[in-house]
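Participant: run00.pdb is the file, holding PDB, C-alpha atoms, pLDDT in the B column:
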MODEL        1
ATOM      1  CA  GLN Y   1       0.000   0.000   0.000  1.00 75.00           C
ATOM      2  CA  TRP Y   2       2.862   2.365   0.774  1.00 76.00           C
ATOM      3  CA  LEU Y   3       4.413   1.765  -2.630  1.00 75.00           C
ATOM      4  CA  THR Y   4       1.095   2.517  -4.293  1.00 78.00           C
ATOM      5  CA  TYR Y   5       0.776   5.714  -2.275  1.00 75.00           C
ATOM      6  CA  ILE Y   6       4.320   6.772  -3.233  1.00 81.00           C
ATOM      7  CA  SER Y   7       3.566   6.010  -6.875  1.00 79.00           C
ATOM      8  CA  PHE Y   8       0.433   8.180  -6.849  1.00 79.00           C
ATOM      9  CA  GLU Y   9       2.290  10.991  -5.097  1.00 79.00           C
ATOM     10  CA  LEU Y  10       5.071  10.860  -7.680  1.00 80.00           C
ATOM     11  CA  GLU Y  11       2.514  11.092 -10.473  1.00 80.00           C
ATOM     12  CA  ARG Y  12       0.928  14.114  -8.776  1.00 79.00           C
ATOM     13  CA  ILE Y  13       4.265  15.862  -8.213  1.00 81.00           C
ATOM     14  CA  ARG Y  14       5.461  15.052 -11.726  1.00 78.00           C
ATOM     15  CA  ALA Y  15       2.361  16.674 -13.245  1.00 80.00           C
ATOM     16  CA  SER Y  16       3.279  20.033 -11.718  1.00 80.00           C
ATOM     17  CA  ALA Y  17       7.080  19.732 -11.870  1.00 78.00           C
ATOM     18  CA  PRO Y  18       9.207  21.765 -14.252  1.00 80.00           C
ATOM     19  CA  ASP Y  19      10.391  19.895 -17.342  1.00 76.00           C
ATOM     20  CA  SER Y  20      13.939  19.831 -15.980  1.00 74.00           C
ATOM     21  CA  GLU Y  21      12.801  17.625 -13.063  1.00 77.00           C
ATOM     22  CA  SER Y  22      10.197  15.584 -14.926  1.00 76.00           C
ATOM     23  CA  ALA Y  23      12.646  12.998 -16.310  1.00 78.00           C
ATOM     24  CA  GLU Y  24      14.084  12.296 -12.849  1.00 81.00           C
ATOM     25  CA  LEU Y  25      10.627  11.958 -11.345  1.00 81.00           C
ATOM     26  CA  GLU Y  26       9.601   9.625 -14.172  1.00 81.00           C
ATOM     27  CA  ALA Y  27      12.649   7.427 -13.517  1.00 83.00           C
ATOM     28  CA  LEU Y  28      11.847   7.353  -9.806  1.00 83.00           C
ATOM     29  CA  HIS Y  29       8.208   6.485 -10.579  1.00 80.00           C
ATOM     30  CA  GLU Y  30       9.364   3.577 -12.770  1.00 82.00           C
ATOM     31  CA  ASP Y  31      11.641   2.345  -9.965  1.00 82.00           C
ATOM     32  CA  VAL Y  32       8.706   2.386  -7.543  1.00 80.00           C
ATOM     33  CA  GLN Y  33       6.567   0.482 -10.058  1.00 78.00           C
ATOM     34  CA  ARG Y  34       9.299  -2.150 -10.507  1.00 76.00           C
ATOM     35  CA  ALA Y  35       9.657  -2.499  -6.726  1.00 75.00           C
ATOM     36  CA  SER Y  36       5.895  -2.922  -6.411  1.00 73.00           C
ATOM     37  CA  ASP Y  37       5.806  -5.545  -9.174  1.00 70.00           C
ATOM     38  CA  GLU Y  38       8.724  -7.422  -7.616  1.00 70.00           C
ATOM     39  CA  LEU Y  39       7.050  -7.387  -4.203  1.00 69.00           C
ATOM     40  CA  ARG Y  40       3.797  -8.746  -5.684  1.00 68.00           C
ATOM     41  CA  GLU Y  41       5.704 -11.553  -7.433  1.00 59.00           C
ATOM     42  CA  THR Y  42       7.610 -12.388  -4.236  1.00 61.00           C
ATOM     43  CA  LEU Y  43       4.356 -12.602  -2.275  1.00 59.00           C
ATOM     44  CA  ARG Y  44       2.811 -14.762  -4.996  1.00 63.00           C
ATOM     45  CA  GLN Y  45       5.841 -17.066  -4.900  1.00 56.00           C
ATOM     46  CA  MET Y  46       5.620 -17.380  -1.123  1.00 60.00           C
ATOM     47  CA  ARG Y  47       2.004 -18.552  -1.456  1.00 63.00           C
ATOM     48  CA  THR Y  48       2.788 -20.937  -4.298  1.00 75.00           C
ATOM     49  CA  ALA Y  49       3.275 -24.551  -3.338  1.00 82.00           C
ATOM     50  CA  VAL Y  50       3.315 -28.034  -4.759  1.00 86.00           C
ATOM     51  CA  THR Y  51       0.456 -30.230  -3.551  1.00 88.00           C
ATOM     52  CA  GLU Y  52      -0.770 -33.731  -4.231  1.00 90.00           C
ATOM     53  CA  ASP Y  53      -2.942 -32.255  -6.997  1.00 89.00           C
ATOM     54  CA  GLN Y  54      -0.432 -29.655  -8.292  1.00 87.00           C
ATOM     55  CA  SER Y  55       2.886 -31.205  -9.315  1.00 90.00           C
ATOM     56  CA  PHE Y  56       6.233 -29.441  -9.410  1.00 91.00           C
ATOM     57  CA  LEU Y  57       6.012 -29.515 -13.189  1.00 91.00           C
ATOM     58  CA  ALA Y  58       2.647 -27.706 -13.202  1.00 89.00           C
ATOM     59  CA  VAL Y  59       3.545 -25.093 -10.572  1.00 89.00           C
ATOM     60  CA  ALA Y  60       7.030 -24.434 -11.983  1.00 91.00           C
ATOM     61  CA  GLY Y  61       5.559 -24.147 -15.473  1.00 91.00           C
ATOM     62  CA  GLU Y  62       3.200 -21.395 -14.271  1.00 89.00           C
ATOM     63  CA  LEU Y  63       6.090 -19.660 -12.503  1.00 89.00           C
ATOM     64  CA  ALA Y  64       8.204 -19.838 -15.665  1.00 93.00           C
ATOM     65  CA  GLU Y  65       5.359 -18.355 -17.703  1.00 92.00           C
ATOM     66  CA  ARG Y  66       4.958 -15.411 -15.290  1.00 89.00           C
ATOM     67  CA  TYR Y  67       8.734 -14.893 -15.273  1.00 91.00           C
ATOM     68  CA  SER Y  68       8.800 -14.859 -19.078  1.00 94.00           C
ATOM     69  CA  LYS Y  69       5.989 -12.294 -19.278  1.00 91.00           C
ATOM     70  CA  ARG Y  70       7.560 -10.083 -16.628  1.00 87.00           C
ATOM     71  CA  THR Y  71      11.124 -10.159 -17.982  1.00 90.00           C
ATOM     72  CA  ARG Y  72      10.441 -10.832 -21.678  1.00 92.00           C
ATOM     73  CA  ASN Y  73      13.008 -13.649 -21.493  1.00 93.00           C
ATOM     74  CA  ALA Y  74      12.200 -16.800 -23.416  1.00 94.00           C
ATOM     75  CA  VAL Y  75      11.767 -19.842 -21.170  1.00 94.00           C
ATOM     76  CA  GLU Y  76      11.866 -23.325 -22.623  1.00 93.00           C
ATOM     77  CA  PHE Y  77      10.236 -25.713 -20.172  1.00 88.00           C
ATOM     78  CA  PRO Y  78       9.215 -28.904 -21.929  1.00 81.00           C
ATOM     79  CA  GLY Y  79       7.592 -31.434 -19.720  1.00 72.00           C
ATOM     80  CA  ASP Y  80       5.214 -34.338 -19.692  1.00 73.00           C
ATOM     81  CA  PRO Y  81       2.254 -33.476 -17.438  1.00 67.00           C
ATOM     82  CA  ASP Y  82       1.936 -37.187 -16.677  1.00 73.00           C
ATOM     83  CA  ALA Y  83       5.592 -37.522 -15.671  1.00 77.00           C
ATOM     84  CA  ASP Y  84       6.481 -39.413 -12.546  1.00 84.00           C
ATOM     85  CA  ARG Y  85       6.713 -37.352  -9.382  1.00 89.00           C
ATOM     86  CA  LEU Y  86       8.852 -37.053  -6.301  1.00 91.00           C
ATOM     87  CA  PRO Y  87       7.266 -36.646  -2.863  1.00 92.00           C
ATOM     88  CA  VAL Y  88       5.494 -33.310  -2.351  1.00 93.00           C
ATOM     89  CA  ALA Y  89       8.017 -32.182   0.295  1.00 92.00           C
ATOM     90  CA  VAL Y  90      10.884 -32.732  -2.145  1.00 93.00           C
ATOM     91  CA  GLU Y  91       9.110 -31.020  -5.017  1.00 93.00           C
ATOM     92  CA  ASN Y  92       8.380 -27.997  -2.791  1.00 92.00           C
ATOM     93  CA  GLU Y  93      12.094 -27.574  -1.999  1.00 92.00           C
ATOM     94  CA  LEU Y  94      12.887 -27.907  -5.713  1.00 94.00           C
ATOM     95  CA  LEU Y  95      10.307 -25.200  -6.381  1.00 92.00           C
ATOM     96  CA  ARG Y  96      12.076 -22.857  -3.925  1.00 91.00           C
ATOM     97  CA  ILE Y  97      15.379 -23.516  -5.703  1.00 94.00           C
ATOM     98  CA  PHE Y  98      13.726 -22.787  -9.056  1.00 94.00           C
ATOM     99  CA  GLN Y  99      12.186 -19.551  -7.758  1.00 91.00           C
ATOM    100  CA  GLU Y 100      15.549 -18.351  -6.485  1.00 91.00           C
ATOM    101  CA  ALA Y 101      17.295 -19.353  -9.693  1.00 94.00           C
ATOM    102  CA  LEU Y 102      14.836 -17.292 -11.754  1.00 94.00           C
ATOM    103  CA  ASN Y 103      15.240 -14.358  -9.360  1.00 89.00           C
ATOM    104  CA  ASN Y 104      19.028 -14.557  -9.744  1.00 90.00           C
ATOM    105  CA  ILE Y 105      18.774 -14.752 -13.527  1.00 94.00           C
ATOM    106  CA  ASP Y 106      16.494 -11.721 -13.547  1.00 90.00           C
ATOM    107  CA  LYS Y 107      18.725  -9.639 -11.274  1.00 87.00           C
ATOM    108  CA  HIS Y 108      22.228 -10.659 -12.316  1.00 89.00           C
ATOM    109  CA  ALA Y 109      22.485 -12.647 -15.533  1.00 92.00           C
ATOM    110  CA  ASN Y 110      21.391 -10.295 -18.331  1.00 93.00           C
ATOM    111  CA  ALA Y 111      20.011 -13.409 -19.982  1.00 95.00           C
ATOM    112  CA  THR Y 112      17.507 -13.605 -22.812  1.00 95.00           C
ATOM    113  CA  ASN Y 113      16.872 -17.365 -22.776  1.00 96.00           C
ATOM    114  CA  VAL Y 114      16.329 -19.890 -20.003  1.00 97.00           C
ATOM    115  CA  VAL Y 115      16.068 -23.644 -20.527  1.00 96.00           C
ATOM    116  CA  VAL Y 116      14.600 -25.885 -17.828  1.00 94.00           C
ATOM    117  CA  GLU Y 117      14.824 -29.676 -17.833  1.00 93.00           C
ATOM    118  CA  TRP Y 118      12.981 -32.048 -15.508  1.00 91.00           C
ATOM    119  CA  LEU Y 119      13.429 -35.799 -15.380  1.00 89.00           C
ATOM    120  CA  VAL Y 120      12.241 -38.338 -12.835  1.00 89.00           C
ATOM    121  CA  ASP Y 121      13.123 -41.990 -13.334  1.00 87.00           C
ATOM    122  CA  GLU Y 122      13.391 -45.079 -11.115  1.00 88.00           C
ATOM    123  CA  THR Y 123      16.575 -43.889  -9.387  1.00 90.00           C
ATOM    124  CA  GLU Y 124      16.529 -40.090  -9.231  1.00 91.00           C
ATOM    125  CA  GLY Y 125      14.904 -36.787  -9.912  1.00 91.00           C
ATOM    126  CA  ARG Y 126      17.012 -34.391 -11.988  1.00 91.00           C
ATOM    127  CA  PHE Y 127      16.324 -30.723 -12.428  1.00 90.00           C
ATOM    128  CA  ARG Y 128      18.439 -28.370 -14.560  1.00 95.00           C
ATOM    129  CA  ILE Y 129      18.199 -24.631 -15.256  1.00 96.00           C
ATOM    130  CA  ARG Y 130      20.458 -23.023 -17.882  1.00 96.00           C
ATOM    131  CA  ASP Y 131      20.637 -19.427 -19.015  1.00 97.00           C
ATOM    132  CA  ASP Y 132      22.525 -17.623 -21.769  1.00 96.00           C
ATOM    133  CA  GLY Y 133      23.516 -14.694 -19.565  1.00 94.00           C
ATOM    134  CA  ASP Y 134      26.770 -13.174 -18.390  1.00 94.00           C
ATOM    135  CA  GLY Y 135      27.852 -16.202 -16.372  1.00 91.00           C
ATOM    136  CA  PHE Y 136      30.403 -15.843 -13.593  1.00 87.00           C
ATOM    137  CA  ASP Y 137      33.975 -16.701 -12.712  1.00 83.00           C
ATOM    138  CA  GLN Y 138      33.886 -19.934 -10.693  1.00 78.00           C
ATOM    139  CA  ALA Y 139      37.450 -19.369  -9.519  1.00 76.00           C
ATOM    140  CA  LYS Y 140      36.246 -16.420  -7.442  1.00 75.00           C
ATOM    141  CA  GLY Y 141      33.924 -18.637  -5.403  1.00 63.00           C
ATOM    142  CA  VAL Y 142      30.680 -17.577  -3.766  1.00 57.00           C
ATOM    143  CA  ARG Y 143      30.455 -14.301  -1.874  1.00 59.00           C
ATOM    144  CA  GLU Y 144      29.175 -14.635   1.669  1.00 55.00           C
ATOM    145  CA  THR Y 145      26.522 -12.084   0.710  1.00 60.00           C
ATOM    146  CA  ALA Y 146      25.274 -14.230  -2.205  1.00 67.00           C
ATOM    147  CA  PHE Y 147      22.112 -15.121  -0.314  1.00 66.00           C
ATOM    148  CA  GLY Y 148      20.395 -16.580  -3.383  1.00 74.00           C
ATOM    149  CA  ARG Y 149      23.015 -19.254  -3.939  1.00 77.00           C
ATOM    150  CA  VAL Y 150      23.333 -19.890  -0.212  1.00 80.00           C
ATOM    151  CA  GLY Y 151      19.536 -20.307   0.014  1.00 83.00           C
ATOM    152  CA  MET Y 152      19.508 -22.741  -2.904  1.00 89.00           C
ATOM    153  CA  ARG Y 153      22.195 -24.838  -1.198  1.00 89.00           C
ATOM    154  CA  GLU Y 154      20.232 -24.820   2.071  1.00 89.00           C
ATOM    155  CA  TRP Y 155      17.036 -25.966   0.327  1.00 87.00           C
ATOM    156  CA  GLY Y 156      19.075 -28.673  -1.381  1.00 91.00           C
ATOM    157  CA  VAL Y 157      20.442 -29.880   1.971  1.00 91.00           C
ATOM    158  CA  VAL Y 158      16.892 -30.229   3.324  1.00 90.00           C
ATOM    159  CA  ILE Y 159      16.126 -32.864   0.664  1.00 93.00           C
ATOM    160  CA  ASP Y 160      19.618 -34.431   0.509  1.00 93.00           C
ATOM    161  CA  ALA Y 161      20.045 -33.139  -3.026  1.00 94.00           C
ATOM    162  CA  GLU Y 162      23.270 -32.589  -4.874  1.00 94.00           C
ATOM    163  CA  LEU Y 163      23.317 -28.996  -6.131  1.00 93.00           C
ATOM    164  CA  ILE Y 164      25.925 -28.007  -8.714  1.00 93.00           C
ATOM    165  CA  VAL Y 165      26.192 -24.415  -9.919  1.00 91.00           C
ATOM    166  CA  SER Y 166      28.508 -23.923 -12.872  1.00 91.00           C
ATOM    167  CA  GLY Y 167      29.232 -21.149 -15.295  1.00 91.00           C
ATOM    168  CA  ALA Y 168      31.855 -19.106 -17.035  1.00 91.00           C
ATOM    169  CA  PRO Y 169      32.097 -15.425 -17.917  1.00 92.00           C
ATOM    170  CA  GLY Y 170      30.065 -14.806 -21.069  1.00 92.00           C
ATOM    171  CA  ALA Y 171      28.831 -18.405 -21.195  1.00 93.00           C
ATOM    172  CA  GLY Y 172      25.807 -18.332 -18.908  1.00 94.00           C
ATOM    173  CA  THR Y 173      25.069 -20.325 -15.780  1.00 94.00           C
ATOM    174  CA  ARG Y 174      23.791 -23.837 -15.193  1.00 95.00           C
ATOM    175  CA  ILE Y 175      22.248 -25.219 -12.031  1.00 95.00           C
ATOM    176  CA  ASP Y 176      21.839 -28.970 -11.633  1.00 96.00           C
ATOM    177  CA  VAL Y 177      19.880 -30.483  -8.765  1.00 96.00           C
ATOM    178  CA  VAL Y 178      19.840 -34.251  -8.308  1.00 95.00           C
ATOM    179  CA  VAL Y 179      17.747 -36.079  -5.719  1.00 94.00           C
ATOM    180  CA  GLU Y 180      18.202 -39.811  -5.215  1.00 92.00           C
ATOM    181  CA  ARG Y 181      14.798 -41.462  -4.948  1.00 84.00           C
ATOM    182  CA  GLU Y 182      15.969 -43.991  -2.351  1.00 75.00           C
ATOM    183  CA  GLU Y 183      16.523 -41.082   0.041  1.00 64.00           C
ATOM    184  CA  TRP Y 184      12.754 -40.517  -0.078  1.00 63.00           C
ATOM    185  CA  GLY Y 185      11.438 -44.052  -0.121  1.00 58.00           C
ATOM    186  CA  GLY Y 186      11.304 -44.585  -3.892  1.00 51.00           C
ATOM    187  CA  ALA Y 187       7.995 -43.641  -5.480  1.00 48.00           C
ATOM    188  CA  ALA Y 188       5.988 -40.568  -4.651  1.00 46.00           C
TER     189      ALA Y 188
ENDMDL
END
Could you show the structure in this file as structure tokens?
Facilitator:
Amino acid sequence: QWLTYISFELERIRASAPDSESAELEALHEDVQRASDELRETLRQMRTAVTEDQSFLAVAGELAERYSKRTRNAVEFPGDPDADRLPVAVENELLRIFQEALNNIDKHANATNVVVEWLVDETEGRFRIRDDGDGFDQAKGVRETAFGRVGMREWGVVIDAELIVSGAPGAGTRIDVVVEREEWGGAA
């Protein structure tokens, strides 16, 4: 509500501002609108969950579609709606990893394309996210303030998943998450 109020006030002030200040006020108004949109998406993501009736594939597909509309980045997310599933608790942690990966791509990657792969077979669940963005220098390691990557690792630990983040400057980033099915009692 406060962001909406600030947005309206900026519009009001901009209408009576001299032309020399109008461009700065417009830029500030756009920043407030982006902050408001990001907050709405974050709240939506917090309420989004995998259930017995809504698989990871379905929920993540909707998330990818919203991300694509918001960022204008192409997202390739092929998937069989009848694909085998992992337990709901595992799929929910994978969803959190996916949400954070998309947030990181949006904020840091300067990507235009994202490819998501999802495979569940008799032995494991495998989830991969690749982007064509700026990438990063793996030799520099992870900053302690890189909360997104730290969060993804923590969610991976909760489900005993192997999480591998790889990339190179100018070559994009790839995140692989592998969950052994035996850790979760086999079938969903």
Participant: May I have the protein, DNA and RNA residues with an atom at most 7 Å from (18.2, -37.0, -10.1), counting only C-alpha atoms in the file's coordinates, returned as a list in words?
Facilitator: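 Using only C-alpha atoms, the matching residues come out as Val120, Glu124, Gly125, Arg126, Phe127, Val177, Val178, Val179 and Glu180 of chain Y.
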Participant: Identify which of the residues Y:Ser166, Y:Thr123, Y:Ala23, Y:Val158 lies closest to Y:Glu182, counting only C-alpha atoms when measuring atom-to-atom distances.
Facilitator: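 Using only C-alpha atoms, the shortest distance to Y:Glu182 belongs to Y:Thr123.
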Participant: In Å to one decimal, how far is atom CA of Y:Ile6 from atom CA of Y:His29?
Facilitator: 8.3 Å
Participant: So which residues touch Y:Met152 within 9 Å, counting only C-alpha atoms, skipping near sequence neighbours fewer than 6 positions away, as a ChimeraX atom specification?
Facilitator: /Y:93-94,96-98,100-101,163
Participant: In terms of the shortest atom-to-atom distance over only C-alpha atoms, which of Y:Ser7, Y:Gln99, Y:Asn104, Y:Asn92 is closest to Y:Thr51?
Facilitator: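 Among the listed residues, the smallest separation from Y:Thr51 belongs to Y:Asn92.
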Participant: Pick from Y:Val59, Y:Val90, Y:Ala15, Y:Leu3: nearest to Y:Arg34, with all atoms listed in the file counted?
Facilitator: Y:Leu3
Participant: Give me, please, the distance in Å between atom CA of Y:Thr173 and atom CA of Y:Gly135, quoted to one decimal.
Facilitator: 5.0 Å
Participant: Check the smallest atom-to-atom distance from each of Y:Lys107, Y:Asp19, Y:Ala83, Y:Arg14 to Y:Glu38 using all atoms listed in the file, then report the winner.
Facilitator: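 Answer, going by the shortest atom-to-atom distance: Y:Lys107.
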Participant: Please indicate the distance in Å from atom CA of Y:Ala35 to atom CA of Y:Gly61, rounded to one decimal place.
Facilitator: 23.7 Å
Participant: Near Y:Pro169, counting only C-alpha atoms, which residues have an atom at most 12 Å away, once you skip same-chain residues fewer than 3 positions from it, shown as a PyMOL selection string?
Facilitator: chain Y and resi 109-110+132-140+166+172-173
Participant: Write out as lines of an AutoDock Vina configuration file an axis-aligned box for stretch 84-100 of chain Y: all of its atoms listed in the file, 8 Å added on each side, centre and edge lengths in Å with one decimal.
Facilitator:
center_x = 10.5
center_y = -28.9
center_z = -6.1
size_x = 26.1
size_y = 37.1
size_z = 28.8
Participant: Would you kindly return, as a VMD selection string, each protein, DNA or RNA residue with an atom no farther than 10 Å from any atom of Y:Phe56, considering only C-alpha atoms and excluding same-chain residues fewer than 6 positions away?
Facilitator: chain Y and resid 49 to 50 62 81 85 to 88 90 to 95 118
Participant: Would you mind completing stretch 63-89 of chain Y so that it carries N, CA, C and O atoms, and writing it out as a PDB file, keeping the file's coordinate frame?
Facilitator:
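Full text of result13.pdb as output:
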ATOM      1  N   LEU Y  63       5.085 -20.623 -12.956  1.00 89.00           N
ATOM      2  CA  LEU Y  63       6.090 -19.660 -12.503  1.00 89.00           C
ATOM      3  C   LEU Y  63       6.965 -19.208 -13.674  1.00 89.00           C
ATOM      4  O   LEU Y  63       7.234 -18.021 -13.846  1.00 89.00           O
ATOM      5  N   ALA Y  64       7.373 -20.158 -14.500  1.00 93.00           N
ATOM      6  CA  ALA Y  64       8.204 -19.838 -15.665  1.00 93.00           C
ATOM      7  C   ALA Y  64       7.451 -18.936 -16.641  1.00 93.00           C
ATOM      8  O   ALA Y  64       8.030 -18.002 -17.212  1.00 93.00           O
ATOM      9  N   GLU Y  65       6.167 -19.189 -16.805  1.00 92.00           N
ATOM     10  CA  GLU Y  65       5.359 -18.355 -17.703  1.00 92.00           C
ATOM     11  C   GLU Y  65       5.251 -16.918 -17.179  1.00 92.00           C
ATOM     12  O   GLU Y  65       5.405 -15.961 -17.939  1.00 92.00           O
ATOM     13  N   ARG Y  66       5.011 -16.762 -15.869  1.00 89.00           N
ATOM     14  CA  ARG Y  66       4.958 -15.411 -15.290  1.00 89.00           C
ATOM     15  C   ARG Y  66       6.313 -14.711 -15.409  1.00 89.00           C
ATOM     16  O   ARG Y  66       6.388 -13.526 -15.727  1.00 89.00           O
ATOM     17  N   TYR Y  67       7.378 -15.456 -15.158  1.00 91.00           N
ATOM     18  CA  TYR Y  67       8.734 -14.893 -15.273  1.00 91.00           C
ATOM     19  C   TYR Y  67       8.974 -14.411 -16.700  1.00 91.00           C
ATOM     20  O   TYR Y  67       9.481 -13.316 -16.917  1.00 91.00           O
ATOM     21  N   SER Y  68       8.594 -15.210 -17.669  1.00 94.00           N
ATOM     22  CA  SER Y  68       8.800 -14.859 -19.078  1.00 94.00           C
ATOM     23  C   SER Y  68       8.028 -13.597 -19.447  1.00 94.00           C
ATOM     24  O   SER Y  68       8.556 -12.707 -20.118  1.00 94.00           O
ATOM     25  N   LYS Y  69       6.791 -13.497 -18.997  1.00 91.00           N
ATOM     26  CA  LYS Y  69       5.989 -12.294 -19.278  1.00 91.00           C
ATOM     27  C   LYS Y  69       6.578 -11.062 -18.617  1.00 91.00           C
ATOM     28  O   LYS Y  69       6.632  -9.990 -19.205  1.00 91.00           O
ATOM     29  N   ARG Y  70       7.033 -11.224 -17.377  1.00 87.00           N
ATOM     30  CA  ARG Y  70       7.560 -10.083 -16.628  1.00 87.00           C
ATOM     31  C   ARG Y  70       8.900  -9.599 -17.179  1.00 87.00           C
ATOM     32  O   ARG Y  70       9.144  -8.407 -17.262  1.00 87.00           O
ATOM     33  N   THR Y  71       9.763 -10.526 -17.569  1.00 90.00           N
ATOM     34  CA  THR Y  71      11.124 -10.159 -17.982  1.00 90.00           C
ATOM     35  C   THR Y  71      11.306 -10.121 -19.494  1.00 90.00           C
ATOM     36  O   THR Y  71      12.326  -9.643 -19.965  1.00 90.00           O
ATOM     37  N   ARG Y  72      10.350 -10.681 -20.226  1.00 92.00           N
ATOM     38  CA  ARG Y  72      10.441 -10.832 -21.678  1.00 92.00           C
ATOM     39  C   ARG Y  72      11.573 -11.773 -22.094  1.00 92.00           C
ATOM     40  O   ARG Y  72      12.057 -11.721 -23.218  1.00 92.00           O
ATOM     41  N   ASN Y  73      12.025 -12.617 -21.182  1.00 93.00           N
ATOM     42  CA  ASN Y  73      13.008 -13.649 -21.493  1.00 93.00           C
ATOM     43  C   ASN Y  73      12.266 -14.903 -21.938  1.00 93.00           C
ATOM     44  O   ASN Y  73      11.244 -15.268 -21.358  1.00 93.00           O
ATOM     45  N   ALA Y  74      12.796 -15.548 -22.950  1.00 94.00           N
ATOM     46  CA  ALA Y  74      12.200 -16.800 -23.416  1.00 94.00           C
ATOM     47  C   ALA Y  74      12.541 -17.903 -22.413  1.00 94.00           C
ATOM     48  O   ALA Y  74      13.678 -18.007 -21.958  1.00 94.00           O
ATOM     49  N   VAL Y  75      11.541 -18.711 -22.063  1.00 94.00           N
ATOM     50  CA  VAL Y  75      11.767 -19.842 -21.170  1.00 94.00           C
ATOM     51  C   VAL Y  75      11.284 -21.099 -21.873  1.00 94.00           C
ATOM     52  O   VAL Y  75      10.127 -21.203 -22.255  1.00 94.00           O
ATOM     53  N   GLU Y  76      12.203 -22.030 -22.038  1.00 93.00           N
ATOM     54  CA  GLU Y  76      11.866 -23.325 -22.623  1.00 93.00           C
ATOM     55  C   GLU Y  76      11.720 -24.306 -21.469  1.00 93.00           C
ATOM     56  O   GLU Y  76      12.665 -24.551 -20.721  1.00 93.00           O
ATOM     57  N   PHE Y  77      10.509 -24.821 -21.295  1.00 88.00           N
ATOM     58  CA  PHE Y  77      10.236 -25.713 -20.172  1.00 88.00           C
ATOM     59  C   PHE Y  77       9.386 -26.872 -20.670  1.00 88.00           C
ATOM     60  O   PHE Y  77       8.203 -26.960 -20.377  1.00 88.00           O
ATOM     61  N   PRO Y  78       9.990 -27.756 -21.455  1.00 81.00           N
ATOM     62  CA  PRO Y  78       9.215 -28.904 -21.929  1.00 81.00           C
ATOM     63  C   PRO Y  78       8.971 -29.870 -20.779  1.00 81.00           C
ATOM     64  O   PRO Y  78       9.803 -29.991 -19.886  1.00 81.00           O
ATOM     65  N   GLY Y  79       7.869 -30.480 -20.780  1.00 72.00           N
ATOM     66  CA  GLY Y  79       7.592 -31.434 -19.720  1.00 72.00           C
ATOM     67  C   GLY Y  79       6.351 -32.223 -20.009  1.00 72.00           C
ATOM     68  O   GLY Y  79       5.422 -31.734 -20.636  1.00 72.00           O
ATOM     69  N   ASP Y  80       6.354 -33.446 -19.546  1.00 73.00           N
ATOM     70  CA  ASP Y  80       5.214 -34.338 -19.692  1.00 73.00           C
ATOM     71  C   ASP Y  80       4.338 -34.186 -18.455  1.00 73.00           C
ATOM     72  O   ASP Y  80       4.782 -34.493 -17.339  1.00 73.00           O
ATOM     73  N   PRO Y  81       3.109 -33.673 -18.609  1.00 67.00           N
ATOM     74  CA  PRO Y  81       2.254 -33.476 -17.438  1.00 67.00           C
ATOM     75  C   PRO Y  81       1.971 -34.767 -16.676  1.00 67.00           C
ATOM     76  O   PRO Y  81       1.614 -34.741 -15.510  1.00 67.00           O
ATOM     77  N   ASP Y  82       2.160 -35.900 -17.335  1.00 73.00           N
ATOM     78  CA  ASP Y  82       1.936 -37.187 -16.677  1.00 73.00           C
ATOM     79  C   ASP Y  82       3.233 -37.804 -16.165  1.00 73.00           C
ATOM     80  O   ASP Y  82       3.271 -38.983 -15.815  1.00 73.00           O
ATOM     81  N   ALA Y  83       4.295 -37.014 -16.119  1.00 77.00           N
ATOM     82  CA  ALA Y  83       5.592 -37.522 -15.671  1.00 77.00           C
ATOM     83  C   ALA Y  83       5.514 -37.995 -14.229  1.00 77.00           C
ATOM     84  O   ALA Y  83       4.688 -37.527 -13.445  1.00 77.00           O
ATOM     85  N   ASP Y  84       6.390 -38.909 -13.905  1.00 84.00           N
ATOM     86  CA  ASP Y  84       6.481 -39.413 -12.546  1.00 84.00           C
ATOM     87  C   ASP Y  84       6.839 -38.271 -11.606  1.00 84.00           C
ATOM     88  O   ASP Y  84       7.406 -37.266 -12.028  1.00 84.00           O
ATOM     89  N   ARG Y  85       6.492 -38.427 -10.358  1.00 89.00           N
ATOM     90  CA  ARG Y  85       6.713 -37.352  -9.382  1.00 89.00           C
ATOM     91  C   ARG Y  85       7.609 -37.821  -8.252  1.00 89.00           C
ATOM     92  O   ARG Y  85       7.735 -39.009  -7.982  1.00 89.00           O
ATOM     93  N   LEU Y  86       8.165 -36.835  -7.563  1.00 91.00           N
ATOM     94  CA  LEU Y  86       8.852 -37.053  -6.301  1.00 91.00           C
ATOM     95  C   LEU Y  86       7.865 -36.700  -5.198  1.00 91.00           C
ATOM     96  O   LEU Y  86       6.821 -36.099  -5.461  1.00 91.00           O
ATOM     97  N   PRO Y  87       8.175 -37.030  -3.953  1.00 92.00           N
ATOM     98  CA  PRO Y  87       7.266 -36.646  -2.863  1.00 92.00           C
ATOM     99  C   PRO Y  87       7.043 -35.129  -2.837  1.00 92.00           C
ATOM    100  O   PRO Y  87       7.919 -34.344  -3.207  1.00 92.00           O
ATOM    101  N   VAL Y  88       5.881 -34.719  -2.379  1.00 93.00           N
ATOM    102  CA  VAL Y  88       5.494 -33.310  -2.351  1.00 93.00           C
ATOM    103  C   VAL Y  88       6.527 -32.466  -1.608  1.00 93.00           C
ATOM    104  O   VAL Y  88       6.894 -31.377  -2.050  1.00 93.00           O
ATOM    105  N   ALA Y  89       7.028 -32.948  -0.482  1.00 92.00           N
ATOM    106  CA  ALA Y  89       8.017 -32.182   0.295  1.00 92.00           C
ATOM    107  C   ALA Y  89       9.274 -31.917  -0.531  1.00 92.00           C
ATOM    108  O   ALA Y  89       9.837 -30.818  -0.481  1.00 92.00           O
TER     109      ALA Y  89
END
